[in-house]
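Participant: The structure that follows is given in the form of structure tokens.
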Amino acid sequence: MAYIIAIANQKGGAGKTTTTISLAGAFTHLGYNVAIVDSDTQGNMRDWKATNEDNPIPVLGIDRPTIHTDIKSLSRFDIVLIDGAPTVEAMSASAIKAADLVIIPVQPSPLDIWATADLVDMVKQRIEITDEKLKATFVVSRCIANTNIGKEITNILAGYELPVLDTTIPQYTDYSTCIANGKTIMEHAPKSKAAAVALNLANEIKAKYIDK
């Protein structure tokens with residue numbers, strides 16, 4: 001059975017696509033057989049795949065609230081990443097229901113973190129229903145490189161009572177360039193700081209969640 005990771009945040013611009021593509025490339029580099037589910041009706045992830053015909057990572061569009069049943073067809077993969085849809089509550093609920101792990105990317109600003117309140121409530125309800133089999137964590141994305149998360153941000157995140165990954169995702173231009181070219185960061189710039197971050201993130205998730 002595939003390990004299902006939903007990257008979810010109903011607020012646009014939170015870094016979902018960057019996180020999804022970075023993890024897809026990093027997990028593939030680590031030897032996992034990876035697929036992506038694009039749950040956004042705009043099909044951005046499918047556009048990314050179509051940009052580069054040599055892109056080896058399969059992308060399946062499921063832009064209806066049946067992800068938790070349709071995703072069973074992807075059991076042959078080791079890891080399936082669901083790129084969450086913005087604003088549509090039914091889609092988010094279906095992705096969360098399908099997932100073993102929910103990753104919530106947030107920008108390091110109070111407004112962006114507060115905007116996740118409804119999603120966090122949905123995730124917590126699912127955690128309770130599953131007797132804590134579902135796991136969830138924040139990842140701070142689109143931050144300035146070589147800066148610490150401020151105490152205010154740390155305190156706000158702590159108030160949601162979900163863990164926060166140690167690895168943060170800076171706003172490196174390599175991420176946007178590789179996405180524009182239909183590649184992962186491991187293909188585009190494998191020796192870059194951006195690639196190192198992607199690998200650190202994948203290894204942290206592997207150690208804390210997948211290998212448990």
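Chain labels A, B, ... are given in the sequence in which chains occur in the structure tokens; within each chain residues are numbered consecutively from 1, and ligands are likewise numbered from 1 in the order shown.
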List the neighbours of Leu162 (chain A) out to 12 Å using only C-alpha atoms; skip same-chain residues closer than 6 positions along the sequence, and give me the result as a PyMOL selection string.

Facilitator: chain A and resi 102-104+116-117+120-121+123-124+127+134-139+154-156

Participant: Restrict the selected residues to all heavy atoms and save them as a compact mmCIF listing (two decimals), in the first residue's frame.

Facilitator:
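Result went into again08.txt, see below:
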```
# COMPACT_ATOMS: atom_id res chain seq x y z
N VAL A 102 -0.87 14.60 6.88
CA VAL A 102 -1.23 15.88 6.30
C VAL A 102 -0.13 16.89 6.62
O VAL A 102 0.22 17.07 7.79
CB VAL A 102 -2.58 16.40 6.84
CG1 VAL A 102 -2.89 17.78 6.25
CG2 VAL A 102 -3.70 15.43 6.51
N ILE A 103 0.42 17.49 5.58
CA ILE A 103 1.41 18.55 5.76
C ILE A 103 0.76 19.88 5.40
O ILE A 103 0.18 20.02 4.32
CB ILE A 103 2.65 18.31 4.87
CG1 ILE A 103 3.35 17.01 5.27
CG2 ILE A 103 3.62 19.49 4.96
CD1 ILE A 103 4.52 16.65 4.37
N ILE A 104 0.82 20.83 6.31
CA ILE A 104 0.21 22.14 6.10
C ILE A 104 1.30 23.18 5.93
O ILE A 104 1.93 23.60 6.91
CB ILE A 104 -0.70 22.52 7.30
CG1 ILE A 104 -1.73 21.42 7.58
CG2 ILE A 104 -1.40 23.86 7.03
CD1 ILE A 104 -2.53 21.63 8.85
N THR A 116 -5.35 29.28 8.57
CA THR A 116 -5.43 27.82 8.51
C THR A 116 -6.37 27.24 9.57
O THR A 116 -6.53 26.02 9.65
CB THR A 116 -4.05 27.17 8.71
OG1 THR A 116 -3.58 27.43 10.06
CG2 THR A 116 -3.04 27.71 7.72
N ALA A 117 -7.01 28.08 10.38
CA ALA A 117 -7.78 27.60 11.54
C ALA A 117 -8.83 26.57 11.16
O ALA A 117 -8.95 25.52 11.81
CB ALA A 117 -8.42 28.78 12.26
N VAL A 120 -7.17 23.29 10.15
CA VAL A 120 -6.63 22.59 11.32
C VAL A 120 -7.76 21.91 12.10
O VAL A 120 -7.61 20.76 12.55
CB VAL A 120 -5.86 23.57 12.23
CG1 VAL A 120 -5.50 22.90 13.56
CG2 VAL A 120 -4.58 24.04 11.54
N ASP A 121 -8.89 22.58 12.23
CA ASP A 121 -10.04 21.96 12.91
C ASP A 121 -10.48 20.69 12.18
O ASP A 121 -10.79 19.67 12.81
CB ASP A 121 -11.21 22.95 12.98
CG ASP A 121 -10.99 24.04 14.00
OD1 ASP A 121 -10.11 23.88 14.86
OD2 ASP A 121 -11.71 25.07 13.93
N VAL A 123 -8.64 18.77 10.27
CA VAL A 123 -7.60 17.76 10.47
C VAL A 123 -7.71 17.14 11.85
O VAL A 123 -7.64 15.90 12.02
CB VAL A 123 -6.20 18.38 10.26
CG1 VAL A 123 -5.12 17.42 10.72
CG2 VAL A 123 -5.99 18.74 8.80
N LYS A 124 -7.90 17.96 12.86
CA LYS A 124 -8.01 17.46 14.23
C LYS A 124 -9.21 16.54 14.40
O LYS A 124 -9.14 15.52 15.12
CB LYS A 124 -8.08 18.62 15.22
CG LYS A 124 -6.74 19.31 15.45
CD LYS A 124 -6.87 20.37 16.53
CE LYS A 124 -5.53 20.95 16.90
NZ LYS A 124 -5.64 21.99 17.95
N ILE A 127 -8.18 13.28 12.97
CA ILE A 127 -7.23 12.61 13.87
C ILE A 127 -7.99 11.90 14.98
O ILE A 127 -7.70 10.75 15.33
CB ILE A 127 -6.23 13.63 14.46
CG1 ILE A 127 -5.26 14.11 13.36
CG2 ILE A 127 -5.45 13.01 15.61
CD1 ILE A 127 -4.36 15.25 13.78
N LEU A 134 -4.12 9.12 11.80
CA LEU A 134 -3.72 10.22 10.93
C LEU A 134 -2.74 11.10 11.67
O LEU A 134 -2.94 11.45 12.83
CB LEU A 134 -4.94 11.06 10.52
CG LEU A 134 -4.64 12.34 9.72
CD1 LEU A 134 -4.04 12.01 8.36
CD2 LEU A 134 -5.89 13.20 9.57
N LYS A 135 -1.67 11.47 10.99
CA LYS A 135 -0.68 12.39 11.53
C LYS A 135 -0.73 13.69 10.74
O LYS A 135 -1.11 13.71 9.57
CB LYS A 135 0.73 11.79 11.46
CG LYS A 135 0.87 10.43 12.13
CD LYS A 135 0.54 10.48 13.60
CE LYS A 135 0.69 9.11 14.26
NZ LYS A 135 0.26 9.13 15.68
N ALA A 136 -0.36 14.79 11.39
CA ALA A 136 -0.38 16.08 10.72
C ALA A 136 0.73 16.96 11.27
O ALA A 136 1.10 16.85 12.45
CB ALA A 136 -1.73 16.76 10.92
N THR A 137 1.25 17.82 10.42
CA THR A 137 2.34 18.71 10.82
C THR A 137 2.35 19.95 9.96
O THR A 137 1.90 19.93 8.80
CB THR A 137 3.69 17.98 10.72
OG1 THR A 137 4.74 18.82 11.20
CG2 THR A 137 4.01 17.57 9.28
N PHE A 138 2.84 21.04 10.52
CA PHE A 138 3.09 22.25 9.75
C PHE A 138 4.48 22.20 9.14
O PHE A 138 5.40 21.58 9.70
CB PHE A 138 3.02 23.50 10.65
CG PHE A 138 1.65 23.92 11.05
CD1 PHE A 138 1.19 23.71 12.35
CD2 PHE A 138 0.81 24.57 10.16
CE1 PHE A 138 -0.08 24.12 12.74
CE2 PHE A 138 -0.46 24.99 10.52
CZ PHE A 138 -0.90 24.77 11.83
N VAL A 139 4.66 22.87 8.00
CA VAL A 139 6.00 23.20 7.49
C VAL A 139 5.99 24.68 7.13
O VAL A 139 5.06 25.16 6.48
CB VAL A 139 6.40 22.32 6.28
CG1 VAL A 139 5.46 22.51 5.09
CG2 VAL A 139 7.84 22.63 5.86
N THR A 154 6.35 31.22 16.24
CA THR A 154 6.48 29.95 16.95
C THR A 154 5.36 29.78 17.96
O THR A 154 4.76 28.70 18.08
CB THR A 154 7.84 29.87 17.66
OG1 THR A 154 8.89 30.04 16.70
CG2 THR A 154 8.02 28.53 18.36
N ASN A 155 5.04 30.84 18.69
CA ASN A 155 3.97 30.77 19.70
C ASN A 155 2.60 30.55 19.06
O ASN A 155 1.78 29.80 19.58
CB ASN A 155 3.95 32.05 20.54
CG ASN A 155 5.15 32.15 21.47
OD1 ASN A 155 5.79 31.14 21.78
ND2 ASN A 155 5.47 33.35 21.93
N ILE A 156 2.36 31.22 17.92
CA ILE A 156 1.08 31.05 17.23
C ILE A 156 0.92 29.62 16.73
O ILE A 156 -0.13 28.99 16.90
CB ILE A 156 0.94 32.05 16.07
CG1 ILE A 156 0.88 33.49 16.61
CG2 ILE A 156 -0.33 31.76 15.26
CD1 ILE A 156 0.96 34.55 15.52
```

Participant: Considering only C-alpha atoms, return as a CSV table (one decimal) with N, CA, C and O atoms, in the first residue's frame whatever protein or nucleic-acid residues lie within 8 Å of Trp48 (chain A), sequence-local ones (same chain, fewer than 2 positions apart) excluded.

Facilitator:
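Listed below is the output, part_3.csv:
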```csv
chain,number,residue,atom,x,y,z
A,44,ASN,N,-3.0,22.9,-12.2
A,44,ASN,CA,-1.6,23.4,-12.2
A,44,ASN,C,-0.6,22.3,-12.2
A,44,ASN,O,0.5,22.4,-12.9
A,45,MET,N,-0.8,21.3,-11.4
A,45,MET,CA,0.2,20.2,-11.4
A,45,MET,C,0.2,19.5,-12.7
A,45,MET,O,1.3,19.0,-13.1
A,46,ARG,N,-0.9,19.3,-13.3
A,46,ARG,CA,-0.9,18.6,-14.6
A,46,ARG,C,-0.3,19.5,-15.7
A,46,ARG,O,0.4,19.0,-16.6
A,50,ALA,N,2.9,18.5,-18.0
A,50,ALA,CA,2.8,18.6,-19.5
A,50,ALA,C,3.9,19.5,-20.1
A,50,ALA,O,4.3,19.4,-21.3
A,51,THR,N,4.5,20.3,-19.2
A,51,THR,CA,5.6,21.2,-19.7
A,51,THR,C,6.8,20.4,-20.1
A,51,THR,O,7.6,20.9,-21.0
A,52,ASN,N,7.0,19.3,-19.5
A,52,ASN,CA,8.2,18.5,-19.8
A,52,ASN,C,7.9,17.0,-20.0
A,52,ASN,O,7.5,16.3,-19.1
A,179,ILE,N,10.0,24.6,-11.5
A,179,ILE,CA,8.5,24.4,-11.8
A,179,ILE,C,8.2,24.8,-13.2
A,179,ILE,O,7.4,24.2,-13.9
A,180,ALA,N,8.7,26.0,-13.6
A,180,ALA,CA,8.4,26.6,-14.9
A,180,ALA,C,8.9,25.6,-16.0
A,180,ALA,O,8.3,25.6,-17.1
A,181,ASN,N,9.9,24.9,-15.7
A,181,ASN,CA,10.5,24.0,-16.7
A,181,ASN,C,10.0,22.5,-16.6
A,181,ASN,O,10.5,21.6,-17.3
A,182,GLY,N,9.0,22.3,-15.8
A,182,GLY,CA,8.4,21.0,-15.7
A,182,GLY,C,9.3,20.0,-15.0
A,182,GLY,O,9.2,18.8,-15.3
A,183,LYS,N,10.2,20.4,-14.1
A,183,LYS,CA,11.2,19.6,-13.5
A,183,LYS,C,11.0,19.7,-12.0
A,183,LYS,O,10.4,20.6,-11.4
```

Participant: Show which residues sit within 12 Å of Tyr209 (chain A), as a PyMOL selection string. Count only C-alpha atoms, and ignore same-chain residues fewer than 3 positions away.

Facilitator: chain A and resi 3-5+100-103+133-137+163+165+201-206+212

Participant: Just list the residues in region 50-209 of chain A DSSP gives helix (DSSP H, G or I) on the backbone, as a PyMOL selection string.

Facilitator: chain A and resi 50-51+67-74+89-98+110-114+117-129+151-158+173-180+185-188+193-209

Participant: According to DSSP computed on the backbone, where in region 2-190 of chain A is there strand (DSSP E or B)? Give the residues as a PyMOL selection string.

Facilitator: chain A and resi 3-7+34-38+59-61+79-83+101-106+135-143+164+169-170

Participant: Residues near Gly61 (chain A), anyone? I mean within 8 Å using only C-alpha atoms, not counting same-chain ones fewer than 2 positions away, as a PDB file with N, CA, C and O atoms, in the first residue's frame.

Facilitator:
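Written file, out_1.pdb:
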```
ATOM      1  N   VAL A  37      -1.101  13.353  -7.013  1.00  0.00           N
ATOM      2  CA  VAL A  37      -2.515  13.564  -7.326  1.00  0.00           C
ATOM      3  C   VAL A  37      -2.768  15.068  -7.350  1.00  0.00           C
ATOM      4  O   VAL A  37      -2.494  15.769  -6.373  1.00  0.00           O
ATOM      5  N   ASP A  38      -3.273  15.559  -8.468  1.00  0.00           N
ATOM      6  CA  ASP A  38      -3.629  16.963  -8.617  1.00  0.00           C
ATOM      7  C   ASP A  38      -5.123  17.101  -8.343  1.00  0.00           C
ATOM      8  O   ASP A  38      -5.949  16.655  -9.134  1.00  0.00           O
ATOM      9  N   SER A  39      -5.467  17.723  -7.206  1.00  0.00           N
ATOM     10  CA  SER A  39      -6.880  17.826  -6.838  1.00  0.00           C
ATOM     11  C   SER A  39      -7.469  19.199  -7.142  1.00  0.00           C
ATOM     12  O   SER A  39      -8.621  19.472  -6.793  1.00  0.00           O
ATOM     13  N   ASP A  40      -6.681  20.052  -7.799  1.00  0.00           N
ATOM     14  CA  ASP A  40      -7.125  21.407  -8.118  1.00  0.00           C
ATOM     15  C   ASP A  40      -7.773  21.409  -9.510  1.00  0.00           C
ATOM     16  O   ASP A  40      -7.177  20.919 -10.483  1.00  0.00           O
ATOM     17  N   GLY A  43      -5.800  22.545 -12.443  1.00  0.00           N
ATOM     18  CA  GLY A  43      -4.853  21.607 -13.050  1.00  0.00           C
ATOM     19  C   GLY A  43      -3.421  22.094 -13.135  1.00  0.00           C
ATOM     20  O   GLY A  43      -2.691  21.716 -14.054  1.00  0.00           O
ATOM     21  N   ARG A  46      -0.913  19.300 -13.329  1.00  0.00           N
ATOM     22  CA  ARG A  46      -0.946  18.635 -14.638  1.00  0.00           C
ATOM     23  C   ARG A  46      -0.267  19.508 -15.692  1.00  0.00           C
ATOM     24  O   ARG A  46       0.406  18.992 -16.600  1.00  0.00           O
ATOM     25  N   VAL A  59       1.407  12.071 -12.795  1.00  0.00           N
ATOM     26  CA  VAL A  59       0.468  13.013 -12.184  1.00  0.00           C
ATOM     27  C   VAL A  59      -0.943  12.608 -12.594  1.00  0.00           C
ATOM     28  O   VAL A  59      -1.255  12.544 -13.782  1.00  0.00           O
ATOM     29  N   ASP A  63     -10.036  15.824  -9.441  1.00  0.00           N
ATOM     30  CA  ASP A  63     -10.521  17.122  -8.975  1.00  0.00           C
ATOM     31  C   ASP A  63     -12.003  17.057  -8.605  1.00  0.00           C
ATOM     32  O   ASP A  63     -12.808  17.898  -8.985  1.00  0.00           O
TER      33      ASP A  63
END
```

Participant: Counting only C-alpha atoms, which residue out of A:Ile169, A:Ile36, A:Ala98, A:Ala194 sits closest to Lys49 (chain A)?

Facilitator: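 Checking each of A:Ile169, A:Ile36, A:Ala98, A:Ala194 against Lys49 (chain A), counting only C-alpha atoms, the winner is A:Ile36.
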
Participant: I'd like the contact shell of region 22-29 of chain A - 6 Å cut-off, only C-alpha atoms, skipping same-chain residues fewer than 3 positions apart - returned as an mmCIF file with N, CA, C and O atoms, in the first residue's frame.

Facilitator:
```
data_model
loop_
_atom_site.group_PDB
_atom_site.id
_atom_site.type_symbol
_atom_site.label_atom_id
_atom_site.label_comp_id
_atom_site.auth_asym_id
_atom_site.auth_seq_id
_atom_site.Cartn_x
_atom_site.Cartn_y
_atom_site.Cartn_z
ATOM 1 N N THR A 18 5.108 24.101 -4.478
ATOM 2 C CA THR A 18 6.553 23.980 -4.266
ATOM 3 C C THR A 18 6.860 22.821 -3.342
ATOM 4 O O THR A 18 7.774 22.023 -3.603
ATOM 5 N N THR A 19 6.106 22.696 -2.262
ATOM 6 C CA THR A 19 6.330 21.602 -1.310
ATOM 7 C C THR A 19 6.088 20.255 -1.971
ATOM 8 O O THR A 19 6.885 19.317 -1.818
ATOM 9 N N TYR A 32 12.187 5.987 -3.760
ATOM 10 C CA TYR A 32 10.765 5.657 -3.681
ATOM 11 C C TYR A 32 10.100 5.816 -5.052
ATOM 12 O O TYR A 32 10.491 6.665 -5.848
ATOM 13 N N THR A 184 11.625 18.683 -11.267
ATOM 14 C CA THR A 184 11.781 18.793 -9.822
ATOM 15 C C THR A 184 13.109 19.485 -9.553
ATOM 16 O O THR A 184 13.969 19.596 -10.444
ATOM 17 N N MET A 186 15.490 18.338 -7.895
ATOM 18 C CA MET A 186 16.575 17.363 -7.975
ATOM 19 C C MET A 186 17.046 17.181 -9.407
ATOM 20 O O MET A 186 18.215 16.838 -9.643
ATOM 21 N N ALA A 198 15.102 20.316 0.048
ATOM 22 C CA ALA A 198 14.115 19.304 -0.329
ATOM 23 C C ALA A 198 14.483 17.933 0.238
ATOM 24 O O ALA A 198 13.623 17.207 0.758
ATOM 25 N N LEU A 199 15.759 17.575 0.151
ATOM 26 C CA LEU A 199 16.212 16.293 0.696
ATOM 27 C C LEU A 199 16.101 16.257 2.216
ATOM 28 O O LEU A 199 15.693 15.239 2.789
ATOM 29 N N ALA A 202 12.418 15.718 3.021
ATOM 30 C CA ALA A 202 11.997 14.338 2.778
ATOM 31 C C ALA A 202 12.571 13.388 3.830
ATOM 32 O O ALA A 202 11.861 12.500 4.330
#
```

Participant: As a list in words, please: the residues near Thr20 (chain A) (cut-off 8 Å, only C-alpha atoms, same-chain neighbours under 5 positions excluded).

Facilitator: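 My reading of the contact set: Ile7, Ile36, Leu81, Ile82 and Asp83 of chain A.
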
Participant: Check the smallest atom-to-atom distance from each of A:Ala189, A:Ala195, A:Ile79, A:Leu74 to Ile210 (chain A) using only C-alpha atoms, then report the winner.

Facilitator: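 Checking each candidate against Ile210 (chain A), we get A:Ile79 as the closest.
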
Participant: For Lys208 (chain A), which of A:Asp174, A:Glu53, A:Asp166, A:Glu187 is the closest residue, counting only C-alpha atoms?

Facilitator: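 With only C-alpha atoms as the atom set, the closest residue is A:Asp166.
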
Participant: Distance CA of Ala95 (chain A)-CA of Gln171 (chain A), one decimal place?

Facilitator: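 It comes out at 26.1 Å.
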